[in-house]
Every structure is written in C-alpha cells, then in structure tokens.
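Notes for the one structure printed next.
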Amino acid sequence: MEFLQIILGFAGGVAIWFWWKTMHSREQAEHLARQACQQAHVQLLDGTVSLKKIRFNRDERGNIRPLRYFSFEFNALGNERRIGIIALHHLRQQYLYMDLPESPTITTTAETLENNQTQTHIGNK
C-alpha cells in the first residue's frame, strides 16, 4: 500500500506541475495575442485566450515538450468576431494565425521572437 501512495503522490505532483506550466503558458499567450492585435490594429475580445489542445513535439534539442494551442477572438470591422490561434512550445511562440479581413494570415516565426524582435509576415491563405 505504501508504494501505491508514493506513485499516486508523484502522479499528483506531476499533474499539478503540468497545470501550473499550462497556466503560465496561457499568460504568455494572452500577452502575445494582445501584442498581435495591437500590431494589426484590431481589438482583442474578452481580453483572454482559451486552451484548445495540447500535443507533444520535440524542441530544437530533441527533448519532448508540450505544444499548446490557444485560441482568441478579435474584432476587425465592427461587430464581426474573428478567430486567432497561437501555438506555444515551452513559452515560445511557434505559430500565430489571425483571420484578418483583407490579408487573412499573420505568422511570426519563433527565431525572431528569440531575439526579442517582432517580424510580421502578412500574406494570403
């Protein structure tokens, strides 16, 4: 019985740690969504992002890390809600998509964010 308690305690600790990291990622995604909306001159609706899915992927060192996808909504032309998606790999942005009315996608590469520079590429779907 003692071994089972150790395993359950460890599993509970890992679950709490994973939840805490996900909440920290959510805060980062909110910041990035606000920044992207300001750059695109649109309004972030509800001021928040929501976690859509988590999958595991390898980072540049080959370590397996969670890739978290967050969605958000923004307003571009009045009363129309549009969707945005941010993917974070260990607090670093891997992908940003915004359904803008005139130029539907904005993507920002992770390399430019590492240098604390924001370089936005605007193009068609």
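Just remember, in the structure tokens the first chain shown is A, the second B, etc., residues are 1-based per chain, and ligands are 1-based in the order shown.
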
Need the shell around stretch 24-35 of chain A: protein/DNA/RNA residues with any atom at most 7 Å away, counting only C-alpha atoms. Skip same-chain ones fewer than 3 positions apart. Format as a count of residues only? 10

So that I can see what lies close to stretch 53-61 of chain A, please list as a PyMOL selection string the residues with an atom at most 9 Å from it, counting only C-alpha atoms and leaving out residues fewer than 4 positions away in the same chain. chain A and resi 65-70+89-90

Next, the residues of the selection above should be written as a compact mmCIF listing (two decimals), in the first residue's frame with N, CA and C atoms.
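Dumped to result_22.txt:
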```
# COMPACT_ATOMS: atom_id res chain seq x y z
N ARG A 65 8.46 18.11 -25.57
CA ARG A 65 7.80 19.15 -24.78
C ARG A 65 6.37 19.33 -25.30
N PRO A 66 5.50 19.82 -24.44
CA PRO A 66 4.12 20.05 -24.90
C PRO A 66 4.04 21.26 -25.83
N LEU A 67 3.25 21.11 -26.88
CA LEU A 67 2.92 22.19 -27.80
C LEU A 67 1.47 22.53 -27.50
N ARG A 68 1.25 23.72 -26.94
CA ARG A 68 -0.08 24.12 -26.50
C ARG A 68 -0.69 25.10 -27.51
N TYR A 69 -1.92 24.82 -27.93
CA TYR A 69 -2.64 25.66 -28.87
C TYR A 69 -3.71 26.45 -28.12
N PHE A 70 -3.66 27.77 -28.27
CA PHE A 70 -4.63 28.67 -27.65
C PHE A 70 -5.37 29.41 -28.74
N HIS A 89 5.42 26.51 -27.66
CA HIS A 89 6.27 25.37 -27.34
C HIS A 89 7.18 25.82 -26.23
N HIS A 90 6.88 25.45 -25.00
CA HIS A 90 7.63 25.84 -23.81
C HIS A 90 7.79 27.36 -23.74
```

As an MDAnalysis selection string, list the residues of stretch 63-99 of chain A assigned to strand (DSSP E) by DSSP on the backbone atoms of this structure. chainID A and resid 64:75 81:89 92:98

Write a file of the selected residues as a compact mmCIF listing (two decimals), in the first residue's frame, keeping C-alpha atoms.
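Below is the file part21.txt, written as the result:
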```
# COMPACT_ATOMS: atom_id res chain seq x y z
CA ILE A 64 9.83 16.15 -25.96
CA ARG A 65 7.80 19.15 -24.78
CA PRO A 66 4.12 20.05 -24.90
CA LEU A 67 2.92 22.19 -27.80
CA ARG A 68 -0.08 24.12 -26.50
CA TYR A 69 -2.64 25.66 -28.87
CA PHE A 70 -4.63 28.67 -27.65
CA SER A 71 -7.42 30.45 -29.48
CA PHE A 72 -8.67 34.00 -29.12
CA GLU A 73 -11.24 36.24 -30.76
CA PHE A 74 -10.80 39.73 -32.10
CA ASN A 75 -12.89 42.38 -33.80
CA ARG A 81 -15.88 38.20 -34.40
CA ARG A 82 -12.78 36.67 -35.96
CA ILE A 83 -10.52 33.86 -34.76
CA GLY A 84 -6.85 33.81 -33.89
CA ILE A 85 -4.64 30.87 -32.89
CA ILE A 86 -1.33 30.85 -31.04
CA ALA A 87 0.84 27.76 -30.57
CA LEU A 88 3.42 27.82 -27.77
CA HIS A 89 6.27 25.37 -27.34
CA ARG A 92 7.99 30.28 -27.05
CA GLN A 93 5.66 31.17 -29.87
CA GLN A 94 5.79 28.67 -32.72
CA TYR A 95 2.79 29.82 -34.71
CA LEU A 96 0.34 32.71 -34.85
CA TYR A 97 -2.69 32.85 -37.12
CA MET A 98 -5.22 35.66 -37.36
```

Run DSSP on the backbone of this structure and report the residues of chain A it assigns to alpha helix (DSSP H), as a ChimeraX atom specification. /A:2-40,110-114
